[in-house]
Amino acid sequence: MSTHLQLKGPTVTGPEQWFTGDVYFNAYYTGQEPSRARLNLVRFTPGAHTAWHRHAVGQTLHVTDGVGYVQTRGEELIELHPGDTVYTPAGEWHWHGAAPDQFMSHLALWEAPGPASGEPETTWGDKLTTSEYPA
Ligand code: MN
C-alpha cells in the first residue's frame, strides 16, 4: 500500500428515519481497524436536519458552505457559517442541519467505539418537533 487517490464513492441520500428533508452524504474515509475514524461530507438542503442523536466517541463538524445550526439538548441554538468547527462530546444528545432558507454543508469526523465497547457509533432518537426546529 502506498499513497494513492481513493476511488470516489457514491453520493447517497440520508435515510428517512434519521433525517428530516433531503440530505446527501459522501463517505470519504471509513477506517479499518486499528483505525476507527470516519470522515463524511454531509449536504443539507434548506430546512433539512438530523433527528436527535448522540455519538459514542463524540463528533467534530466543520462547516464548508451555507448557513445552519447545531444544538445540544437543553442548550442554546448555535448558528453555523463556513469555516466554523464544532465539537459535540461523547454521548451528548444533539442535532444539526441547514437553516430554513439556506443550504448547509459540513464535514463530519467521528470515531467508532473500540471493539470491547458494544455501543453503536451513533444512537438515534426522536425527530425534531416543529417547535424544536427554528422557524
Ligand atoms: Mn452529530
# chains A, B, ... in the order shown; residues from 1 in each chain; ligands from 1

$ residues_near_ligand --ligand "ligand 1" --cutoff "7 Å" --atoms "only C-alpha atoms and all ligand atoms" --output "list in words"
His53, Arg54, His55, Gln59, His94, Trp95 and His96 of chain A

$ write_last_selection --atoms "N, CA, C and O atoms" --output "mmCIF file, in the first residue's frame"
data_model
loop_
_atom_site.group_PDB
_atom_site.id
_atom_site.type_symbol
_atom_site.label_atom_id
_atom_site.label_comp_id
_atom_site.auth_asym_id
_atom_site.auth_seq_id
_atom_site.Cartn_x
_atom_site.Cartn_y
_atom_site.Cartn_z
ATOM 1 N N HIS A 53 -29.626 12.830 18.141
ATOM 2 C CA HIS A 53 -28.735 11.672 18.153
ATOM 3 C C HIS A 53 -27.523 11.970 19.021
ATOM 4 O O HIS A 53 -27.294 13.107 19.422
ATOM 5 N N ARG A 54 -26.766 10.911 19.300
ATOM 6 C CA ARG A 54 -25.513 11.080 20.060
ATOM 7 C C ARG A 54 -24.469 10.123 19.493
ATOM 8 O O ARG A 54 -24.814 9.063 18.947
ATOM 9 N N HIS A 55 -23.220 10.525 19.642
ATOM 10 C CA HIS A 55 -22.100 9.743 19.116
ATOM 11 C C HIS A 55 -21.303 9.170 20.283
ATOM 12 O O HIS A 55 -20.923 9.916 21.201
ATOM 13 N N GLN A 59 -18.092 13.879 18.092
ATOM 14 C CA GLN A 59 -18.069 14.204 16.657
ATOM 15 C C GLN A 59 -17.589 15.644 16.463
ATOM 16 O O GLN A 59 -17.953 16.531 17.232
ATOM 17 N N HIS A 94 -27.811 15.768 20.510
ATOM 18 C CA HIS A 94 -27.772 16.996 19.724
ATOM 19 C C HIS A 94 -28.407 16.762 18.358
ATOM 20 O O HIS A 94 -28.721 15.624 17.994
ATOM 21 N N TRP A 95 -28.594 17.854 17.616
ATOM 22 C CA TRP A 95 -28.988 17.754 16.205
ATOM 23 C C TRP A 95 -28.214 18.807 15.430
ATOM 24 O O TRP A 95 -27.689 19.769 16.016
ATOM 25 N N HIS A 96 -28.125 18.643 14.105
ATOM 26 C CA HIS A 96 -27.527 19.665 13.244
ATOM 27 C C HIS A 96 -28.227 19.651 11.899
ATOM 28 O O HIS A 96 -28.827 18.648 11.512
#

$ closest_atom_pairs --of "region 63-85 of chain A" --to "region 103-125 of chain A" --cutoff "10 Å" --atoms "only C-alpha atoms" --output "CSV"
residue,atom,partner,partner_atom,distance
A:Val63,CA,A:His106,CA,4.1
A:Thr64,CA,A:His106,CA,5.3
A:Asp65,CA,A:Ser105,CA,5.0
A:Gly66,CA,A:Met104,CA,4.2
A:Val67,CA,A:Met104,CA,5.2
A:Gly68,CA,A:Met104,CA,5.6
A:Tyr69,CA,A:Met104,CA,8.8
A:Leu80,CA,A:Met104,CA,8.6
A:His81,CA,A:Met104,CA,8.3
A:Pro82,CA,A:His106,CA,8.4
A:Gly83,CA,A:His106,CA,9.4
A:Asp84,CA,A:His106,CA,9.2
A:Thr85,CA,A:His106,CA,9.1

$ write_last_selection --atoms "all heavy atoms" --output "PDB file, in the first residue's frame"
ATOM      1  N   VAL A  63     -17.901  23.304   8.989  1.00  0.00           N
ATOM      2  CA  VAL A  63     -18.847  23.832   8.004  1.00  0.00           C
ATOM      3  C   VAL A  63     -18.088  24.339   6.781  1.00  0.00           C
ATOM      4  O   VAL A  63     -17.175  25.161   6.899  1.00  0.00           O
ATOM      5  CB  VAL A  63     -19.701  24.964   8.622  1.00  0.00           C
ATOM      6  CG1 VAL A  63     -20.685  25.510   7.598  1.00  0.00           C
ATOM      7  CG2 VAL A  63     -20.423  24.459   9.859  1.00  0.00           C
ATOM      8  N   THR A  64     -18.485  23.844   5.605  1.00  0.00           N
ATOM      9  CA  THR A  64     -17.811  24.226   4.356  1.00  0.00           C
ATOM     10  C   THR A  64     -18.652  25.177   3.517  1.00  0.00           C
ATOM     11  O   THR A  64     -18.123  25.841   2.627  1.00  0.00           O
ATOM     12  CB  THR A  64     -17.479  22.975   3.521  1.00  0.00           C
ATOM     13  OG1 THR A  64     -18.687  22.244   3.280  1.00  0.00           O
ATOM     14  CG2 THR A  64     -16.489  22.089   4.238  1.00  0.00           C
ATOM     15  N   ASP A  65     -19.963  25.231   3.761  1.00  0.00           N
ATOM     16  CA  ASP A  65     -20.824  26.034   2.900  1.00  0.00           C
ATOM     17  C   ASP A  65     -22.151  26.326   3.600  1.00  0.00           C
ATOM     18  O   ASP A  65     -22.643  25.501   4.367  1.00  0.00           O
ATOM     19  CB  ASP A  65     -21.096  25.250   1.597  1.00  0.00           C
ATOM     20  CG  ASP A  65     -21.849  26.087   0.580  1.00  0.00           C
ATOM     21  OD1 ASP A  65     -21.314  27.120   0.145  1.00  0.00           O
ATOM     22  OD2 ASP A  65     -22.996  25.725   0.246  1.00  0.00           O
ATOM     23  N   GLY A  66     -22.721  27.485   3.317  1.00  0.00           N
ATOM     24  CA  GLY A  66     -24.092  27.779   3.700  1.00  0.00           C
ATOM     25  C   GLY A  66     -24.264  28.267   5.128  1.00  0.00           C
ATOM     26  O   GLY A  66     -23.325  28.746   5.765  1.00  0.00           O
ATOM     27  N   VAL A  67     -25.485  28.132   5.606  1.00  0.00           N
ATOM     28  CA  VAL A  67     -25.849  28.562   6.962  1.00  0.00           C
ATOM     29  C   VAL A  67     -26.669  27.454   7.610  1.00  0.00           C
ATOM     30  O   VAL A  67     -27.588  26.905   6.980  1.00  0.00           O
ATOM     31  CB  VAL A  67     -26.684  29.862   6.949  1.00  0.00           C
ATOM     32  CG1 VAL A  67     -27.018  30.317   8.366  1.00  0.00           C
ATOM     33  CG2 VAL A  67     -25.947  30.981   6.203  1.00  0.00           C
ATOM     34  N   GLY A  68     -26.343  27.154   8.855  1.00  0.00           N
ATOM     35  CA  GLY A  68     -27.083  26.091   9.541  1.00  0.00           C
ATOM     36  C   GLY A  68     -27.027  26.255  11.037  1.00  0.00           C
ATOM     37  O   GLY A  68     -26.703  27.332  11.553  1.00  0.00           O
ATOM     38  N   TYR A  69     -27.369  25.160  11.713  1.00  0.00           N
ATOM     39  CA  TYR A  69     -27.456  25.193  13.168  1.00  0.00           C
ATOM     40  C   TYR A  69     -26.935  23.885  13.754  1.00  0.00           C
ATOM     41  O   TYR A  69     -27.010  22.825  13.123  1.00  0.00           O
ATOM     42  CB  TYR A  69     -28.917  25.298  13.623  1.00  0.00           C
ATOM     43  CG  TYR A  69     -29.662  26.487  13.103  1.00  0.00           C
ATOM     44  CD1 TYR A  69     -30.737  26.313  12.241  1.00  0.00           C
ATOM     45  CD2 TYR A  69     -29.319  27.776  13.494  1.00  0.00           C
ATOM     46  CE1 TYR A  69     -31.455  27.402  11.775  1.00  0.00           C
ATOM     47  CE2 TYR A  69     -30.017  28.869  13.028  1.00  0.00           C
ATOM     48  CZ  TYR A  69     -31.096  28.684  12.166  1.00  0.00           C
ATOM     49  OH  TYR A  69     -31.783  29.750  11.694  1.00  0.00           O
ATOM     50  N   LEU A  80     -24.377  28.322  12.459  1.00  0.00           N
ATOM     51  CA  LEU A  80     -23.119  27.890  11.840  1.00  0.00           C
ATOM     52  C   LEU A  80     -22.897  28.563  10.498  1.00  0.00           C
ATOM     53  O   LEU A  80     -23.837  28.712   9.704  1.00  0.00           O
ATOM     54  CB  LEU A  80     -23.146  26.370  11.626  1.00  0.00           C
ATOM     55  CG  LEU A  80     -23.277  25.502  12.874  1.00  0.00           C
ATOM     56  CD1 LEU A  80     -23.438  24.040  12.474  1.00  0.00           C
ATOM     57  CD2 LEU A  80     -22.070  25.687  13.778  1.00  0.00           C
ATOM     58  N   HIS A  81     -21.632  28.922  10.244  1.00  0.00           N
ATOM     59  CA  HIS A  81     -21.233  29.556   8.984  1.00  0.00           C
ATOM     60  C   HIS A  81     -19.969  28.875   8.462  1.00  0.00           C
ATOM     61  O   HIS A  81     -19.256  28.224   9.233  1.00  0.00           O
ATOM     62  CB  HIS A  81     -20.965  31.045   9.223  1.00  0.00           C
ATOM     63  CG  HIS A  81     -22.187  31.781   9.689  1.00  0.00           C
ATOM     64  ND1 HIS A  81     -23.117  32.286   8.821  1.00  0.00           N
ATOM     65  CD2 HIS A  81     -22.653  32.047  10.932  1.00  0.00           C
ATOM     66  CE1 HIS A  81     -24.092  32.861   9.501  1.00  0.00           C
ATOM     67  NE2 HIS A  81     -23.843  32.720  10.793  1.00  0.00           N
ATOM     68  N   PRO A  82     -19.669  29.062   7.171  1.00  0.00           N
ATOM     69  CA  PRO A  82     -18.475  28.431   6.602  1.00  0.00           C
ATOM     70  C   PRO A  82     -17.221  28.759   7.418  1.00  0.00           C
ATOM     71  O   PRO A  82     -17.021  29.909   7.819  1.00  0.00           O
ATOM     72  CB  PRO A  82     -18.402  29.028   5.193  1.00  0.00           C
ATOM     73  CG  PRO A  82     -19.832  29.309   4.853  1.00  0.00           C
ATOM     74  CD  PRO A  82     -20.453  29.766   6.152  1.00  0.00           C
ATOM     75  N   GLY A  83     -16.420  27.741   7.672  1.00  0.00           N
ATOM     76  CA  GLY A  83     -15.196  27.895   8.458  1.00  0.00           C
ATOM     77  C   GLY A  83     -15.369  27.571   9.922  1.00  0.00           C
ATOM     78  O   GLY A  83     -14.378  27.396  10.631  1.00  0.00           O
ATOM     79  N   ASP A  84     -16.630  27.477  10.390  1.00  0.00           N
ATOM     80  CA  ASP A  84     -16.866  27.131  11.794  1.00  0.00           C
ATOM     81  C   ASP A  84     -16.579  25.648  12.038  1.00  0.00           C
ATOM     82  O   ASP A  84     -16.902  24.796  11.202  1.00  0.00           O
ATOM     83  CB  ASP A  84     -18.323  27.404  12.193  1.00  0.00           C
ATOM     84  CG  ASP A  84     -18.645  28.891  12.302  1.00  0.00           C
ATOM     85  OD1 ASP A  84     -17.706  29.702  12.382  1.00  0.00           O
ATOM     86  OD2 ASP A  84     -19.847  29.219  12.306  1.00  0.00           O
ATOM     87  N   THR A  85     -16.001  25.364  13.199  1.00  0.00           N
ATOM     88  CA  THR A  85     -15.760  23.992  13.628  1.00  0.00           C
ATOM     89  C   THR A  85     -16.425  23.804  14.985  1.00  0.00           C
ATOM     90  O   THR A  85     -16.294  24.656  15.867  1.00  0.00           O
ATOM     91  CB  THR A  85     -14.252  23.709  13.740  1.00  0.00           C
ATOM     92  OG1 THR A  85     -13.641  23.974  12.475  1.00  0.00           O
ATOM     93  CG2 THR A  85     -13.988  22.255  14.122  1.00  0.00           C
TER      94      THR A  85
END

$ atom_distance --atom1 "CA of Gln102 (chain A)" --atom2 "CA of Leu41 (chain A)"
16.9 Å

$ select_by_dssp --residues "region 3-125 of chain A" --states "strand (DSSP E or B)" --output "ChimeraX atom specification"
/A:12-13,19-20,23-30,37-44,49-50,53-55,59-66,68-72,78-80,85-88,94-98,104-111,122-124

$ closest_residue --among "A:Val86, A:Leu128, A:Ile78, A:Ala99" --to "Trp52 (chain A)" --atoms "only C-alpha atoms"
A:Leu128

$ closest_residue --among "A:Thr60, A:Gln6, A:Thr45, A:Thr50" --to "Thr30 (chain A)" --atoms "only C-alpha atoms"
A:Gln6

$ atom_distance --atom1 "CA of Asp101 (chain A)" --atom2 "CA of Ala135 (chain A)"
10.0 Å
